[in-house]
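Peer 1: Quick one, my_file-v1.cif (mmCIF, C-alpha atoms and all ligand atoms):
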data_data
loop_
_atom_site.group_PDB
_atom_site.id
_atom_site.type_symbol
_atom_site.label_atom_id
_atom_site.label_comp_id
_atom_site.auth_asym_id
_atom_site.auth_seq_id
_atom_site.Cartn_x
_atom_site.Cartn_y
_atom_site.Cartn_z
ATOM 1 C CA MET A 21 -47.059 -62.690 -52.638
ATOM 2 C CA ASN A 22 -48.708 -60.468 -50.082
ATOM 3 C CA TYR A 23 -46.768 -57.904 -48.014
ATOM 4 C CA LEU A 24 -47.804 -55.509 -45.239
ATOM 5 C CA LEU A 25 -44.988 -53.436 -43.738
ATOM 6 C CA TYR A 26 -45.296 -51.888 -40.275
ATOM 7 C CA TYR A 27 -42.902 -48.971 -40.388
ATOM 8 C CA SER A 28 -41.985 -45.656 -38.880
ATOM 9 C CA PRO A 29 -40.199 -42.972 -40.925
ATOM 10 C CA GLY A 30 -36.392 -43.162 -40.899
ATOM 11 C CA VAL A 31 -36.003 -46.113 -38.507
ATOM 12 C CA ALA A 32 -34.975 -49.769 -39.023
ATOM 13 C CA SER A 33 -37.937 -50.345 -41.339
ATOM 14 C CA LEU A 34 -36.428 -47.949 -43.884
ATOM 15 C CA CYS A 35 -34.222 -50.541 -45.593
ATOM 16 C CA VAL A 36 -37.157 -52.952 -46.006
ATOM 17 C CA HIS A 37 -39.460 -50.215 -47.311
ATOM 18 C CA TRP A 38 -36.728 -49.225 -49.790
ATOM 19 C CA MET A 39 -36.244 -52.792 -51.008
ATOM 20 C CA LEU A 40 -39.993 -53.251 -51.550
ATOM 21 C CA ILE A 41 -40.011 -50.066 -53.661
ATOM 22 C CA GLU A 42 -36.924 -51.198 -55.606
ATOM 23 C CA LEU A 43 -38.513 -54.610 -56.241
ATOM 24 C CA GLY A 44 -41.614 -52.942 -57.647
ATOM 25 C CA VAL A 45 -43.904 -55.503 -55.994
ATOM 26 C CA PRO A 46 -47.307 -54.560 -54.570
ATOM 27 C CA PHE A 47 -47.275 -53.968 -50.805
ATOM 28 C CA GLU A 48 -49.218 -52.139 -48.127
ATOM 29 C CA THR A 49 -47.868 -50.098 -45.249
ATOM 30 C CA HIS A 50 -49.053 -49.310 -41.746
ATOM 31 C CA ARG A 51 -47.337 -46.466 -39.912
ATOM 32 C CA VAL A 52 -46.425 -47.110 -36.253
ATOM 33 C CA ASP A 53 -46.152 -43.996 -34.085
ATOM 34 C CA LEU A 54 -43.075 -44.721 -31.953
ATOM 35 C CA LYS A 55 -43.326 -41.397 -30.092
ATOM 36 C CA SER A 56 -46.736 -42.230 -28.653
ATOM 37 C CA GLY A 57 -45.599 -45.804 -27.889
ATOM 38 C CA GLN A 58 -47.813 -47.675 -30.392
ATOM 39 C CA GLN A 59 -45.092 -50.331 -30.622
ATOM 40 C CA ARG A 60 -45.912 -51.350 -27.028
ATOM 41 C CA GLU A 61 -49.670 -51.578 -27.496
ATOM 42 C CA PRO A 62 -51.166 -55.105 -27.292
ATOM 43 C CA GLU A 63 -52.292 -55.042 -30.925
ATOM 44 C CA TYR A 64 -48.728 -54.469 -32.149
ATOM 45 C CA LEU A 65 -47.135 -56.780 -29.560
ATOM 46 C CA ARG A 66 -49.249 -59.607 -30.971
ATOM 47 C CA LEU A 67 -47.433 -59.082 -34.277
ATOM 48 C CA ASN A 68 -44.009 -58.353 -32.791
ATOM 49 C CA PRO A 69 -43.511 -59.383 -29.140
ATOM 50 C CA SER A 70 -40.269 -57.363 -28.888
ATOM 51 C CA GLY A 71 -42.221 -54.155 -29.584
ATOM 52 C CA ARG A 72 -39.893 -53.014 -32.324
ATOM 53 C CA VAL A 73 -40.191 -51.866 -35.891
ATOM 54 C CA PRO A 74 -40.090 -53.257 -38.569
ATOM 55 C CA THR A 75 -42.592 -56.046 -38.874
ATOM 56 C CA LEU A 76 -43.274 -57.396 -42.349
ATOM 57 C CA VAL A 77 -46.393 -59.550 -42.629
ATOM 58 C CA VAL A 78 -45.558 -62.039 -45.378
ATOM 59 C CA ASP A 79 -48.543 -63.947 -46.729
ATOM 60 C CA GLY A 80 -50.231 -63.513 -43.342
ATOM 61 C CA THR A 81 -47.240 -64.367 -41.121
ATOM 62 C CA PRO A 82 -45.467 -61.557 -39.207
ATOM 63 C CA ARG A 83 -41.705 -61.569 -39.702
ATOM 64 C CA HIS A 84 -39.066 -59.416 -37.952
ATOM 65 C CA GLU A 85 -35.436 -58.250 -38.027
ATOM 66 C CA SER A 86 -34.539 -55.856 -40.801
ATOM 67 C CA ALA A 87 -31.520 -57.784 -42.143
ATOM 68 C CA ALA A 88 -33.431 -61.085 -42.196
ATOM 69 C CA LEU A 89 -36.331 -59.411 -43.992
ATOM 70 C CA LEU A 90 -34.001 -58.141 -46.725
ATOM 71 C CA MET A 91 -32.534 -61.619 -47.171
ATOM 72 C CA LEU A 92 -36.005 -63.185 -47.208
ATOM 73 C CA LEU A 93 -37.204 -60.730 -49.864
ATOM 74 C CA ALA A 94 -34.095 -61.425 -51.968
ATOM 75 C CA GLU A 95 -34.843 -65.141 -51.756
ATOM 76 C CA ARG A 96 -38.503 -64.662 -52.683
ATOM 77 C CA HIS A 97 -37.648 -62.442 -55.668
ATOM 78 C CA PRO A 98 -34.482 -63.960 -57.162
ATOM 79 C CA GLU A 99 -35.256 -62.427 -60.557
ATOM 80 C CA ALA A 100 -34.438 -58.967 -59.100
ATOM 81 C CA GLY A 101 -30.829 -60.072 -58.475
ATOM 82 C CA LEU A 102 -30.562 -58.204 -55.157
ATOM 83 C CA ALA A 103 -28.416 -60.968 -53.615
ATOM 84 C CA PRO A 104 -25.702 -63.076 -55.251
ATOM 85 C CA ALA A 105 -27.050 -66.559 -55.934
ATOM 86 C CA PRO A 106 -25.772 -69.506 -53.839
ATOM 87 C CA GLY A 107 -22.542 -70.843 -55.268
ATOM 88 C CA THR A 108 -21.475 -67.590 -56.943
ATOM 89 C CA ALA A 109 -18.162 -65.882 -56.186
ATOM 90 C CA GLU A 110 -19.825 -62.933 -54.405
ATOM 91 C CA ARG A 111 -22.058 -65.057 -52.131
ATOM 92 C CA GLY A 112 -19.512 -65.362 -49.295
ATOM 93 C CA GLU A 113 -18.778 -61.655 -49.214
ATOM 94 C CA TRP A 114 -22.504 -60.884 -49.291
ATOM 95 C CA LEU A 115 -23.212 -63.172 -46.313
ATOM 96 C CA GLU A 116 -20.198 -61.836 -44.416
ATOM 97 C CA THR A 117 -21.171 -58.188 -44.928
ATOM 98 C CA MET A 118 -24.872 -58.726 -44.137
ATOM 99 C CA ILE A 119 -23.930 -60.443 -40.866
ATOM 100 C CA PHE A 120 -21.307 -57.796 -40.029
ATOM 101 C CA LEU A 121 -23.885 -55.031 -40.486
ATOM 102 C CA ALA A 122 -26.538 -56.955 -38.549
ATOM 103 C CA ASN A 123 -24.544 -58.206 -35.597
ATOM 104 C CA THR A 124 -21.895 -55.506 -35.167
ATOM 105 C CA VAL A 125 -23.202 -52.237 -36.596
ATOM 106 C CA LEU A 126 -26.947 -52.515 -35.792
ATOM 107 C CA PRO A 127 -26.325 -53.308 -32.077
ATOM 108 C CA ALA A 128 -23.812 -50.441 -31.846
ATOM 109 C CA MET A 129 -26.499 -48.160 -33.288
ATOM 110 C CA ARG A 130 -29.041 -49.459 -30.773
ATOM 111 C CA ASP A 131 -26.562 -48.690 -27.971
ATOM 112 C CA ARG A 132 -25.837 -45.243 -29.450
ATOM 113 C CA PHE A 133 -29.481 -44.194 -29.598
ATOM 114 C CA TYR A 134 -31.062 -46.187 -26.747
ATOM 115 C CA ALA A 135 -28.319 -46.261 -24.042
ATOM 116 C CA ASP A 136 -30.498 -44.318 -21.584
ATOM 117 C CA ILE A 137 -33.602 -46.424 -22.212
ATOM 118 C CA ASP A 138 -32.196 -49.951 -22.602
ATOM 119 C CA GLY A 139 -29.651 -49.562 -19.773
ATOM 120 C CA ASP A 140 -28.840 -47.581 -16.660
ATOM 121 C CA PRO A 141 -28.738 -43.860 -17.585
ATOM 122 C CA ALA A 142 -25.804 -43.454 -15.177
ATOM 123 C CA GLY A 143 -23.637 -45.552 -17.505
ATOM 124 C CA ALA A 144 -25.073 -44.249 -20.780
ATOM 125 C CA ASP A 145 -22.148 -41.987 -21.683
ATOM 126 C CA ALA A 146 -19.713 -44.919 -21.500
ATOM 127 C CA VAL A 147 -22.045 -47.062 -23.618
ATOM 128 C CA ARG A 148 -22.327 -44.288 -26.229
ATOM 129 C CA ALA A 149 -18.534 -43.792 -26.273
ATOM 130 C CA LEU A 150 -17.989 -47.520 -26.945
ATOM 131 C CA ALA A 151 -20.677 -47.467 -29.632
ATOM 132 C CA ASP A 152 -18.956 -44.512 -31.314
ATOM 133 C CA ARG A 153 -15.677 -46.445 -31.398
ATOM 134 C CA ARG A 154 -17.406 -49.480 -32.925
ATOM 135 C CA LEU A 155 -19.063 -47.274 -35.551
ATOM 136 C CA ASP A 156 -15.751 -45.591 -36.447
ATOM 137 C CA ASP A 157 -14.222 -49.068 -36.926
ATOM 138 C CA ALA A 158 -17.130 -50.071 -39.147
ATOM 139 C CA TRP A 159 -16.858 -46.975 -41.343
ATOM 140 C CA ASN A 160 -13.081 -47.492 -41.635
ATOM 141 C CA ARG A 161 -13.735 -51.025 -42.863
ATOM 142 C CA LEU A 162 -16.423 -50.058 -45.378
ATOM 143 C CA ASP A 163 -14.429 -47.049 -46.587
ATOM 144 C CA ALA A 164 -11.421 -49.303 -47.280
ATOM 145 C CA GLN A 165 -13.694 -51.774 -49.117
ATOM 146 C CA LEU A 166 -14.985 -48.950 -51.341
ATOM 147 C CA ALA A 167 -11.475 -47.520 -51.867
ATOM 148 C CA ALA A 168 -10.399 -50.871 -53.307
ATOM 149 C CA ARG A 169 -13.564 -51.267 -55.384
ATOM 150 C CA PRO A 170 -15.837 -48.258 -55.823
ATOM 151 C CA GLY A 171 -19.412 -48.836 -56.930
ATOM 152 C CA TYR A 172 -21.703 -50.925 -54.789
ATOM 153 C CA LEU A 173 -20.591 -52.611 -51.583
ATOM 154 C CA ILE A 174 -20.771 -56.120 -53.048
ATOM 155 C CA GLY A 175 -19.891 -56.983 -56.618
ATOM 156 C CA GLU A 176 -20.964 -54.922 -59.558
ATOM 157 C CA ARG A 177 -24.582 -54.302 -58.663
ATOM 158 C CA LEU A 178 -27.027 -53.118 -56.043
ATOM 159 C CA SER A 179 -27.766 -55.671 -53.317
ATOM 160 C CA THR A 180 -29.452 -55.993 -49.911
ATOM 161 C CA VAL A 181 -26.113 -54.943 -48.400
ATOM 162 C CA ASP A 182 -26.543 -51.467 -49.881
ATOM 163 C CA PHE A 183 -30.058 -51.036 -48.447
ATOM 164 C CA LEU A 184 -28.883 -52.019 -44.971
ATOM 165 C CA ALA A 185 -25.582 -50.107 -45.089
ATOM 166 C CA VAL A 186 -27.082 -46.871 -46.408
ATOM 167 C CA MET A 187 -29.802 -46.920 -43.726
ATOM 168 C CA LEU A 188 -27.080 -47.251 -41.073
ATOM 169 C CA LEU A 189 -24.935 -44.566 -42.716
ATOM 170 C CA ARG A 190 -27.940 -42.222 -42.747
ATOM 171 C CA TRP A 191 -28.298 -42.586 -38.980
ATOM 172 C CA THR A 192 -24.840 -41.027 -38.487
ATOM 173 C CA ARG A 193 -25.914 -37.681 -39.948
ATOM 174 C CA ASN A 194 -26.290 -36.006 -36.536
ATOM 175 C CA LEU A 195 -23.665 -38.058 -34.668
ATOM 176 C CA PRO A 196 -20.218 -36.683 -33.721
ATOM 177 C CA HIS A 197 -18.630 -38.543 -36.681
ATOM 178 C CA PRO A 198 -21.020 -38.529 -39.676
ATOM 179 C CA ALA A 199 -20.106 -41.182 -42.245
ATOM 180 C CA THR A 200 -19.891 -38.491 -44.947
ATOM 181 C CA GLY A 201 -16.546 -37.580 -43.328
ATOM 182 C CA TRP A 202 -14.992 -40.743 -44.863
ATOM 183 C CA PRO A 203 -14.085 -39.911 -48.490
ATOM 184 C CA HIS A 204 -15.024 -43.178 -50.197
ATOM 185 C CA LEU A 205 -18.186 -43.526 -48.134
ATOM 186 C CA ALA A 206 -19.136 -39.943 -49.023
ATOM 187 C CA ALA A 207 -18.829 -40.695 -52.750
ATOM 188 C CA TYR A 208 -20.775 -43.949 -52.314
ATOM 189 C CA ILE A 209 -23.551 -42.204 -50.357
ATOM 190 C CA HIS A 210 -23.830 -39.565 -53.061
ATOM 191 C CA ARG A 211 -24.122 -42.224 -55.785
ATOM 192 C CA ILE A 212 -26.713 -44.313 -53.944
ATOM 193 C CA ARG A 213 -28.823 -41.309 -52.956
ATOM 194 C CA ALA A 214 -29.321 -40.615 -56.667
ATOM 195 C CA LEU A 215 -31.198 -43.910 -57.138
ATOM 196 C CA PRO A 216 -34.863 -43.301 -58.050
ATOM 197 C CA SER A 217 -35.976 -45.861 -55.421
ATOM 198 C CA PHE A 218 -34.113 -43.946 -52.677
ATOM 199 C CA ILE A 219 -35.720 -40.650 -53.735
ATOM 200 C CA GLU A 220 -39.144 -42.330 -53.821
ATOM 201 C CA LEU A 221 -38.564 -43.871 -50.377
ATOM 202 C CA ASN A 222 -37.774 -40.467 -48.864
ATOM 203 C CA ALA A 223 -40.871 -38.949 -50.454
ATOM 204 C CA ARG A 224 -43.097 -41.753 -49.141
ATOM 205 C CA GLU A 225 -41.655 -41.542 -45.609
ATOM 206 C CA GLY A 226 -41.715 -37.720 -45.635
ATOM 207 C CA LEU A 227 -37.949 -37.471 -45.068
ATOM 208 C CA THR A 228 -36.369 -34.269 -46.321
ATOM 209 C CA ASP A 229 -32.847 -34.293 -44.889
ATOM 210 C CA TRP A 230 -29.853 -36.361 -46.089
ATOM 211 C CA LEU A 231 -30.727 -36.047 -49.792
ATOM 212 C CA ASN A 232 -28.454 -34.936 -52.609
ATOM 213 C CA GLU A 233 -28.724 -31.281 -53.624
ATOM 214 C CA PRO A 234 -30.845 -30.949 -56.791
ATOM 215 C CA ALA A 235 -28.538 -30.946 -59.844
HETATM 216 N N1 LIG A 301 -32.630 -55.632 -34.683
HETATM 217 C C1 LIG A 301 -33.868 -54.965 -35.012
HETATM 218 C C2 LIG A 301 -33.847 -53.595 -34.369
HETATM 219 C C3 LIG A 301 -35.191 -52.945 -34.432
HETATM 220 C C4 LIG A 301 -35.221 -51.655 -33.608
HETATM 221 O O1 LIG A 301 -34.453 -51.468 -32.662
HETATM 222 N N2 LIG A 301 -36.142 -50.771 -34.010
HETATM 223 C C5 LIG A 301 -36.287 -49.527 -33.327
HETATM 224 C C6 LIG A 301 -36.345 -48.373 -34.321
HETATM 225 S S1 LIG A 301 -34.813 -48.176 -35.164
HETATM 226 C C7 LIG A 301 -37.575 -49.525 -32.530
HETATM 227 O O2 LIG A 301 -38.526 -50.196 -32.871
HETATM 228 N N3 LIG A 301 -37.607 -48.719 -31.464
HETATM 229 C C8 LIG A 301 -38.746 -48.563 -30.640
HETATM 230 C C9 LIG A 301 -38.521 -49.094 -29.254
HETATM 231 O O3 LIG A 301 -37.499 -49.754 -28.984
HETATM 232 O O4 LIG A 301 -39.396 -48.837 -28.405
HETATM 233 C C10 LIG A 301 -34.018 -54.867 -36.532
HETATM 234 O O5 LIG A 301 -32.992 -54.697 -37.205
HETATM 235 O O6 LIG A 301 -35.134 -54.977 -37.048
#
What do you get writing this file as structure tokens?
Ligand SMILES: N[C@@H](CCC(=O)N[C@@H](CS)C(=O)NCC(=O)O)C(=O)O

Peer 2:
Amino acid sequence: MNYLLYYSPGVASLCVHWMLIELGVPFETHRVDLKSGQQREPEYLRLNPSGRVPTLVVDGTPRHESAALLMLLAERHPEAGLAPAPGTAERGEWLETMIFLANTVLPAMRDRFYADIDGDPAGADAVRALADRRLDDAWNRLDAQLAARPGYLIGERLSTVDFLAVMLLRWTRNLPHPATGWPHLAAYIHRIRALPSFIELNAREGLTDWLNEPA
């Protein structure tokens, strides 16, 4: 198994970087400077024609889309138990939540942060307002899920859902409605941020905000 992750600190590569650390498998990283536009340089576009991060080169083949990469890694490392196995009771809820995060929450985040760039700046405020409503709905849903069953988002143990969800929750920290304003999400965030792999991830990416206060 050979992995090379193209990443940039704090962005959509974060969940994949975190999962690689949690798995404890060997991997290499290559930092992409989004500010200077490295993601649009020909060398990177050959790996990822959409010019976005992350790209994970798996045994020589570049693969994309953060949620798909988490699911692929779970499949390649079943012994880590980071996804419920096919046929188990939690499998349906895992699939449902991964797809919800990937096709509802991730696009709303893209709209929230890229409305001026991806679309007409004249309409950007309306796009951001709709994105904020979608994000509020998502946090209501996840908060209710955690109210009914605190712990991890799926079942009794850490899964790919937690890596993806916590990355998305982190992105709300400077938005009008940070996810820490939802009580069950706040408790969940606090629990997950205590994981050694999350602390290690932040150290490796040089991220110093959105960490638990030292005990
Ligand atoms: N659906 C993609 C979204 C990737 C994405 O939008 N990445 C952003 C960073 S969060 C990016 O590369 N932005 C640079 C750009 O669009 O120029 C995924 O989940 O991997």

Peer 1: Which residues form the shell of 8 Å around ligand LIG 301 (chain A) when you count only C-alpha atoms and all ligand atoms, given as a list in words?

Peer 2: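 Counting only C-alpha atoms and all ligand atoms, the residues within 8 Å of ligand LIG 301 (chain A) come out as Ser28, Gly30, Val31, Ala32, Ser33, Leu54, Gly57, Gln59, Arg60, Gly71, Arg72, Val73, Pro74, Thr75, His84, Glu85, Ser86, Ala87, Ala122, Leu126, Pro127, Arg130 and Tyr134 of chain A.
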
Peer 1: Applying 7 Å and all atoms listed in the file, which residues near segment 138-151 of chain A remain after dropping the ones on its own chain fewer than 6 positions away? List them as a PyMOL selection string.

Peer 2: chain A and resi 128-129+131-132

Peer 1: On this structure, which residues satisfy the PyMOL selection byres (((chain A and resi 105-121) around 9) and not hetatm), written as a ChimeraX atom specification?

Peer 2: /A:87,91,95,98,101,103-104,122-127,158,173-175,179-181,184-185,188

Peer 1: Any chance you could work out the residue set of the PyMOL selection byres (((chain A and resi 165-170) around 12) and not hetatm) here, as a count of residues only?

Peer 2: 27

Peer 1: Quick one: apply the PyMOL selection byres (((chain A and resi 29) around 12) and not hetatm) to the file and drop the selected residues here as number ranges by chain.

Peer 2: A: 25-28, 30-38, 49-55, 73-74, 187, 221-228

Peer 1: Give me the residues near Ala214 of chain A as a ChimeraX atom specification, where near means some atom within 10 Å (using only C-alpha atoms) and where sequence neighbours in that chain fewer than 2 positions away do not count.

Peer 2: /A:209-212,216-219,231-234

Peer 1: Quote the spacing between atom CA of Leu189 of chain A and atom CA of Val78 of chain A in Å to one decimal place.

Peer 2: 27.2 Å

Peer 1: Could you check the closest approach to Asn68 of chain A for each of A:Trp191, A:Ser56, A:Arg83, A:Asp152 and tell me which residue wins, using only C-alpha atoms?

Peer 2: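 Looking only at the distances to Asn68 of chain A, the closest residue turns out to be A:Arg83.
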
Peer 1: May I have the centre and edge lengths, in Å to one decimal, of an axis-aligned box around the listed atoms of segment 114-128 of chain A with 6 Å added to every side, as JSON?

Peer 2:
{"center_x": -23.6, "center_y": -56.8, "center_z": -40.6, "size_x": 18.7, "size_y": 24.7, "size_z": 29.4}

Peer 1: Near Tyr23 of chain A, counting only C-alpha atoms, which residues have an atom at most 10 Å away, once you skip same-chain residues fewer than 4 positions from it, shown as a count of residues only?

Peer 2: 13

Peer 1: Find the residues around His197 of chain A up to 8 Å (all atoms listed in the file counted), leave out those fewer than 4 positions away in its own chain, and share them as a PyMOL selection string.

Peer 2: chain A and resi 156+192+201

Peer 1: Those selected residues, please, written with C-alpha atoms and delivered as a JSON list (two decimals), in the frame of the given file.

Peer 2:
[["chain", "number", "residue", "atom", "x", "y", "z"],
["A", 156, "ASP", "CA", -15.75, -45.59, -36.45],
["A", 192, "THR", "CA", -24.84, -41.03, -38.49],
["A", 201, "GLY", "CA", -16.55, -37.58, -43.33]]

Peer 1: For atom CA of Glu42 of chain A and atom CA of Glu220 of chain A, determine how far apart the two atoms are, in Å to one decimal place.

Peer 2: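 Distance between the two atoms: 9.3 Å.
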
Peer 1: Tell me, in Å to one decimal, how far atom CA of Leu93 of chain A is from atom CA of Met21 of chain A.

Peer 2: 10.4 Å

Peer 1: Add whatever atoms are absent from segment 22-32 of chain A to reach all heavy atoms, and provide the output as a tab-separated table (two decimals), in the frame of the given file.

Peer 2:
chain	number	residue	atom	x	y	z
A	22	ASN	N	-47.94	-61.51	-50.74
A	22	ASN	CA	-48.71	-60.47	-50.08
A	22	ASN	C	-47.86	-59.87	-48.95
A	22	ASN	O	-47.39	-60.60	-48.09
A	22	ASN	CB	-49.97	-61.15	-49.53
A	22	ASN	CG	-50.94	-60.16	-48.98
A	22	ASN	OD1	-50.62	-59.48	-48.02
A	22	ASN	ND2	-52.11	-60.08	-49.58
A	23	TYR	N	-47.64	-58.54	-49.01
A	23	TYR	CA	-46.77	-57.90	-48.01
A	23	TYR	C	-47.47	-56.73	-47.35
A	23	TYR	O	-48.06	-55.88	-48.03
A	23	TYR	CB	-45.50	-57.36	-48.69
A	23	TYR	CG	-44.65	-58.40	-49.35
A	23	TYR	CD1	-44.41	-58.37	-50.73
A	23	TYR	CD2	-44.07	-59.43	-48.60
A	23	TYR	CE1	-43.62	-59.33	-51.34
A	23	TYR	CE2	-43.28	-60.40	-49.21
A	23	TYR	CZ	-43.06	-60.34	-50.58
A	23	TYR	OH	-42.29	-61.29	-51.17
A	24	LEU	N	-47.33	-56.66	-46.01
A	24	LEU	CA	-47.80	-55.51	-45.24
A	24	LEU	C	-46.66	-55.10	-44.30
A	24	LEU	O	-46.26	-55.87	-43.42
A	24	LEU	CB	-49.05	-55.90	-44.43
A	24	LEU	CG	-49.51	-54.91	-43.35
A	24	LEU	CD1	-49.81	-53.53	-43.92
A	24	LEU	CD2	-50.77	-55.45	-42.65
A	25	LEU	N	-46.14	-53.91	-44.52
A	25	LEU	CA	-44.99	-53.44	-43.74
A	25	LEU	C	-45.45	-52.48	-42.64
A	25	LEU	O	-46.08	-51.46	-42.93
A	25	LEU	CB	-43.99	-52.71	-44.66
A	25	LEU	CG	-42.78	-52.09	-43.95
A	25	LEU	CD1	-41.88	-53.17	-43.35
A	25	LEU	CD2	-41.99	-51.19	-44.89
A	26	TYR	N	-45.12	-52.81	-41.41
A	26	TYR	CA	-45.30	-51.89	-40.28
A	26	TYR	C	-44.00	-51.10	-40.17
A	26	TYR	O	-42.93	-51.69	-39.98
A	26	TYR	CB	-45.59	-52.66	-38.98
A	26	TYR	CG	-47.00	-53.22	-38.96
A	26	TYR	CD1	-47.33	-54.34	-39.70
A	26	TYR	CD2	-48.01	-52.60	-38.22
A	26	TYR	CE1	-48.63	-54.84	-39.71
A	26	TYR	CE2	-49.31	-53.09	-38.23
A	26	TYR	CZ	-49.60	-54.20	-38.97
A	26	TYR	OH	-50.89	-54.69	-38.98
A	27	TYR	N	-44.10	-49.80	-40.31
A	27	TYR	CA	-42.90	-48.97	-40.39
A	27	TYR	C	-43.09	-47.68	-39.61
A	27	TYR	O	-44.21	-47.33	-39.21
A	27	TYR	CB	-42.59	-48.65	-41.85
A	27	TYR	CG	-43.38	-47.46	-42.38
A	27	TYR	CD1	-42.76	-46.23	-42.57
A	27	TYR	CD2	-44.75	-47.55	-42.64
A	27	TYR	CE1	-43.47	-45.13	-43.03
A	27	TYR	CE2	-45.46	-46.46	-43.08
A	27	TYR	CZ	-44.83	-45.25	-43.28
A	27	TYR	OH	-45.54	-44.15	-43.70
A	28	SER	N	-41.96	-47.01	-39.41
A	28	SER	CA	-41.98	-45.66	-38.88
A	28	SER	C	-40.90	-44.91	-39.67
A	28	SER	O	-39.84	-45.49	-39.96
A	28	SER	CB	-41.67	-45.69	-37.38
A	28	SER	OG	-41.86	-44.41	-36.84
A	29	PRO	N	-41.14	-43.65	-40.04
A	29	PRO	CA	-40.20	-42.97	-40.92
A	29	PRO	C	-38.77	-42.94	-40.37
A	29	PRO	O	-38.55	-42.59	-39.21
A	29	PRO	CB	-40.77	-41.55	-41.03
A	29	PRO	CG	-42.23	-41.72	-40.78
A	29	PRO	CD	-42.33	-42.83	-39.76
A	30	GLY	N	-37.81	-43.32	-41.22
A	30	GLY	CA	-36.39	-43.16	-40.90
A	30	GLY	C	-35.78	-44.25	-40.04
A	30	GLY	O	-34.56	-44.29	-39.88
A	31	VAL	N	-36.58	-45.14	-39.45
A	31	VAL	CA	-36.00	-46.11	-38.51
A	31	VAL	C	-35.66	-47.43	-39.22
A	31	VAL	O	-35.53	-47.47	-40.45
A	31	VAL	CB	-36.91	-46.30	-37.26
A	31	VAL	CG1	-37.22	-44.95	-36.60
A	31	VAL	CG2	-38.20	-47.04	-37.60
A	32	ALA	N	-35.51	-48.52	-38.46
A	32	ALA	CA	-34.98	-49.77	-39.02
A	32	ALA	C	-35.86	-50.39	-40.12
A	32	ALA	O	-35.43	-51.30	-40.82
A	32	ALA	CB	-34.73	-50.78	-37.91
